[in-house]
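Notes follow once the structure below has been shown.
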Amino acid sequence: MKLIVAIVHSEDAGVLVDTLLEGEHRATRLQSSGGFLKQSNATVIVGAADDQVDAVIEIVRANCTSRTQVVNPMPPIMEPGEFFMPYPLEVEVGGATIFVLPVERFEQL
Ligand code: 2BA
């Protein structure tokens with residue numbers, strides 16, 4: 001068994017979880033936020049048999065799209081009289097960041 005951890009856009013998470021459930025996979029959605037952008041995203045965890053891992057990743061691939069997000073950089077520490085013009089930066093956020101972990105033990109009580 002494997003634990004698939006997929007960090008995805010919040011907007012994609014609802015459809016992703018619905019599609020996983022339609023495919024008879026089980027999923028848990030967690031609210032999360034990115035360390036870099038500090039914007040909310042979603043972490044979807046799926047416990048799946050080894051031979052289902054590729055199918056789960058295909059569902060993630062089909063339902064999660066990359067986007068460009070605009071970030072306003074933090075102003076640097078400045079000396080009196082210095083001037084900082086904040087130009088927004090564009091950051092490409094991938095459709096999903098996926099980790100596949102081995103499951104040592106699985107129990108449902
Ligand atoms: P964030 O940390 O908010 O990162 C959002 C996007 O900002 C990243 O997209 C990447 O394009 C950019 N970025 C991140 N760190 C950067 C840096 N030090 N310098 C320049 N640009 C940077 P993705 O790579 O697609 O990541 C999307 C989200 O997936 C991340 O949100 C984070 O929540 C998660 N993630 C990505 N890699 C991870 C990892 N190795 N471990 C844990 N979480 C990860």
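Every chain in the structure tokens takes a letter, A first, then B, and so on in the order presented; its residues are numbered from 1, and the ligands are numbered from 1 following the presented order.
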message: DSSP on the backbone, alpha helix (DSSP H) only: what residues of chain A does that give? Format it as a ChimeraX atom specification.
response: /A:10-22,53-63
Could the residues that lie within 6 Å of ligand 1, counting only C-alpha atoms and all ligand atoms, be listed as a PDB file with all heavy atoms, in the first residue's frame?
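Full text of pocket.pdb as output:
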```pdb
ATOM      1  N   ILE A   7      -0.355  18.015  -3.375  1.00  0.00           N
ATOM      2  CA  ILE A   7      -0.624  19.418  -3.028  1.00  0.00           C
ATOM      3  C   ILE A   7      -1.122  20.082  -4.306  1.00  0.00           C
ATOM      4  O   ILE A   7      -0.414  20.072  -5.326  1.00  0.00           O
ATOM      5  CB  ILE A   7       0.644  20.103  -2.479  1.00  0.00           C
ATOM      6  CG1 ILE A   7       1.161  19.337  -1.265  1.00  0.00           C
ATOM      7  CG2 ILE A   7       0.359  21.555  -2.123  1.00  0.00           C
ATOM      8  CD1 ILE A   7       2.606  19.602  -0.924  1.00  0.00           C
ATOM      9  N   SER A  33      -1.417  25.661   3.148  1.00  0.00           N
ATOM     10  CA  SER A  33      -0.964  26.869   2.445  1.00  0.00           C
ATOM     11  C   SER A  33       0.505  26.723   2.113  1.00  0.00           C
ATOM     12  O   SER A  33       1.265  26.072   2.842  1.00  0.00           O
ATOM     13  CB  SER A  33      -1.231  28.132   3.273  1.00  0.00           C
ATOM     14  OG  SER A  33      -0.652  28.022   4.527  1.00  0.00           O
ATOM     15  N   GLY A  34       0.885  27.310   0.995  1.00  0.00           N
ATOM     16  CA  GLY A  34       2.256  27.181   0.500  1.00  0.00           C
ATOM     17  C   GLY A  34       3.228  27.997   1.319  1.00  0.00           C
ATOM     18  O   GLY A  34       2.914  29.116   1.732  1.00  0.00           O
ATOM     19  N   GLY A  35       4.394  27.443   1.561  1.00  0.00           N
ATOM     20  CA  GLY A  35       5.405  28.144   2.354  1.00  0.00           C
ATOM     21  C   GLY A  35       5.936  29.371   1.644  1.00  0.00           C
ATOM     22  O   GLY A  35       6.311  30.362   2.287  1.00  0.00           O
ATOM     23  N   PHE A  36       5.989  29.348   0.322  1.00  0.00           N
ATOM     24  CA  PHE A  36       6.580  30.459  -0.443  1.00  0.00           C
ATOM     25  C   PHE A  36       5.546  31.562  -0.671  1.00  0.00           C
ATOM     26  O   PHE A  36       5.757  32.703  -0.278  1.00  0.00           O
ATOM     27  CB  PHE A  36       7.117  29.921  -1.769  1.00  0.00           C
ATOM     28  CG  PHE A  36       7.868  30.950  -2.578  1.00  0.00           C
ATOM     29  CD1 PHE A  36       9.073  31.466  -2.146  1.00  0.00           C
ATOM     30  CD2 PHE A  36       7.360  31.392  -3.789  1.00  0.00           C
ATOM     31  CE1 PHE A  36       9.759  32.410  -2.890  1.00  0.00           C
ATOM     32  CE2 PHE A  36       8.039  32.327  -4.546  1.00  0.00           C
ATOM     33  CZ  PHE A  36       9.243  32.843  -4.101  1.00  0.00           C
ATOM     34  N   LEU A  37       4.417  31.214  -1.287  1.00  0.00           N
ATOM     35  CA  LEU A  37       3.405  32.236  -1.606  1.00  0.00           C
ATOM     36  C   LEU A  37       2.531  32.575  -0.405  1.00  0.00           C
ATOM     37  O   LEU A  37       1.898  33.617  -0.377  1.00  0.00           O
ATOM     38  CB  LEU A  37       2.504  31.744  -2.744  1.00  0.00           C
ATOM     39  CG  LEU A  37       3.158  31.552  -4.103  1.00  0.00           C
ATOM     40  CD1 LEU A  37       2.121  31.109  -5.131  1.00  0.00           C
ATOM     41  CD2 LEU A  37       3.821  32.838  -4.578  1.00  0.00           C
ATOM     42  N   LYS A  38       2.467  31.673   0.582  1.00  0.00           N
ATOM     43  CA  LYS A  38       1.634  31.841   1.770  1.00  0.00           C
ATOM     44  C   LYS A  38       0.160  31.984   1.380  1.00  0.00           C
ATOM     45  O   LYS A  38      -0.611  32.642   2.061  1.00  0.00           O
ATOM     46  CB  LYS A  38       2.086  33.034   2.621  1.00  0.00           C
ATOM     47  CG  LYS A  38       3.586  33.036   2.863  1.00  0.00           C
ATOM     48  CD  LYS A  38       3.935  33.480   4.250  1.00  0.00           C
ATOM     49  CE  LYS A  38       5.415  33.473   4.577  1.00  0.00           C
ATOM     50  NZ  LYS A  38       6.230  32.454   3.989  1.00  0.00           N
ATOM     51  N   VAL A  91       4.624  34.096 -10.742  1.00  0.00           N
ATOM     52  CA  VAL A  91       5.179  32.795 -10.366  1.00  0.00           C
ATOM     53  C   VAL A  91       4.306  31.706 -10.974  1.00  0.00           C
ATOM     54  O   VAL A  91       3.079  31.752 -10.869  1.00  0.00           O
ATOM     55  CB  VAL A  91       5.199  32.641  -8.825  1.00  0.00           C
ATOM     56  CG1 VAL A  91       5.690  31.259  -8.418  1.00  0.00           C
ATOM     57  CG2 VAL A  91       6.078  33.697  -8.195  1.00  0.00           C
ATOM     58  N   GLU A  92       4.945  30.753 -11.635  1.00  0.00           N
ATOM     59  CA  GLU A  92       4.196  29.622 -12.209  1.00  0.00           C
ATOM     60  C   GLU A  92       4.024  28.563 -11.121  1.00  0.00           C
ATOM     61  O   GLU A  92       5.012  28.047 -10.577  1.00  0.00           O
ATOM     62  CB  GLU A  92       5.004  29.051 -13.387  1.00  0.00           C
ATOM     63  CG  GLU A  92       4.481  27.751 -13.940  1.00  0.00           C
ATOM     64  CD  GLU A  92       3.445  27.940 -15.048  1.00  0.00           C
ATOM     65  OE1 GLU A  92       3.262  29.084 -15.498  1.00  0.00           O
ATOM     66  OE2 GLU A  92       2.834  26.936 -15.427  1.00  0.00           O
ATOM     67  N   VAL A  93       2.781  28.278 -10.754  1.00  0.00           N
ATOM     68  CA  VAL A  93       2.512  27.242  -9.746  1.00  0.00           C
ATOM     69  C   VAL A  93       2.050  25.992 -10.487  1.00  0.00           C
ATOM     70  O   VAL A  93       1.096  26.041 -11.273  1.00  0.00           O
ATOM     71  CB  VAL A  93       1.436  27.698  -8.737  1.00  0.00           C
ATOM     72  CG1 VAL A  93       1.232  26.639  -7.663  1.00  0.00           C
ATOM     73  CG2 VAL A  93       1.848  29.021  -8.103  1.00  0.00           C
ATOM     74  N   GLY A  94       2.745  24.896 -10.238  1.00  0.00           N
ATOM     75  CA  GLY A  94       2.437  23.651 -10.954  1.00  0.00           C
ATOM     76  C   GLY A  94       1.037  23.137 -10.630  1.00  0.00           C
ATOM     77  O   GLY A  94       0.424  23.543  -9.641  1.00  0.00           O
ATOM     78  N   THR A  97       1.883  18.937  -6.784  1.00  0.00           N
ATOM     79  CA  THR A  97       3.145  18.406  -6.270  1.00  0.00           C
ATOM     80  C   THR A  97       2.793  17.117  -5.550  1.00  0.00           C
ATOM     81  O   THR A  97       1.971  17.133  -4.621  1.00  0.00           O
ATOM     82  CB  THR A  97       3.798  19.416  -5.301  1.00  0.00           C
ATOM     83  OG1 THR A  97       4.070  20.621  -6.021  1.00  0.00           O
ATOM     84  CG2 THR A  97       5.099  18.878  -4.724  1.00  0.00           C
TER      85      THR A  97
END
```
Selection: 12 Å around Asn63 in chain A, only C-alpha atoms, excl. self and same-chain fewer than 2 positions, as an MDAnalysis selection string: chainID A and resid 6 8:20 56:61 65:66 95:96
query: Which is closer to Arg26 in chain A than all the others in A:Ile4, A:Asn41, A:Leu89, A:Thr68, using only C-alpha atoms?
result: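 Among the listed residues, A:Ile4 lies closest to Arg26 in chain A.
For the atom pair formed by CA of Ala62 in chain A and CA of Glu104 in chain A, the distance is 28.8 Å, given to one decimal.
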field: Length of the CA of Val71 in chain A to CA of Ser40 in chain A vector [Å]
entry: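 Separation of CA of Val71 in chain A and CA of Ser40 in chain A: 13.4 Å.
Between CA of Gln108 in chain A and CA of Leu3 in chain A there is a distance of 14.8 Å.
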message: Please identify the strand (DSSP E) residues within range 11-80 of chain A (assignment by DSSP from backbone atoms) and present them as number ranges by chain.
response: A: 28-33, 40-48, 67-71
Given the selection you just returned, output its residues as a file containing C-alpha atoms, formatted as a short mmCIF file (atom, residue, chain, number, x, y, z; two decimals), in the first residue's frame.
```
data_model
loop_
_atom_site.label_atom_id
_atom_site.label_comp_id
_atom_site.auth_asym_id
_atom_site.auth_seq_id
_atom_site.Cartn_x
_atom_site.Cartn_y
_atom_site.Cartn_z
CA THR A 28 -9.03 13.11 2.43
CA ARG A 29 -8.79 16.82 1.69
CA LEU A 30 -6.83 19.07 4.02
CA GLN A 31 -6.65 22.85 3.95
CA SER A 32 -3.02 23.91 3.58
CA SER A 33 -0.96 26.87 2.44
CA SER A 40 -4.10 28.68 0.54
CA ASN A 41 -3.85 25.43 -1.37
CA ALA A 42 -5.19 21.95 -0.69
CA THR A 43 -3.47 18.74 0.27
CA VAL A 44 -5.29 15.60 -0.86
CA ILE A 45 -4.16 12.31 0.66
CA VAL A 46 -5.07 8.95 -0.82
CA GLY A 47 -4.30 5.52 0.59
CA ALA A 48 -4.14 3.15 -2.38
CA ARG A 67 -1.50 28.58 -13.14
CA THR A 68 0.41 31.80 -13.02
CA GLN A 69 0.06 33.71 -9.75
CA VAL A 70 1.13 37.26 -9.02
CA VAL A 71 3.19 37.91 -5.89
#
```
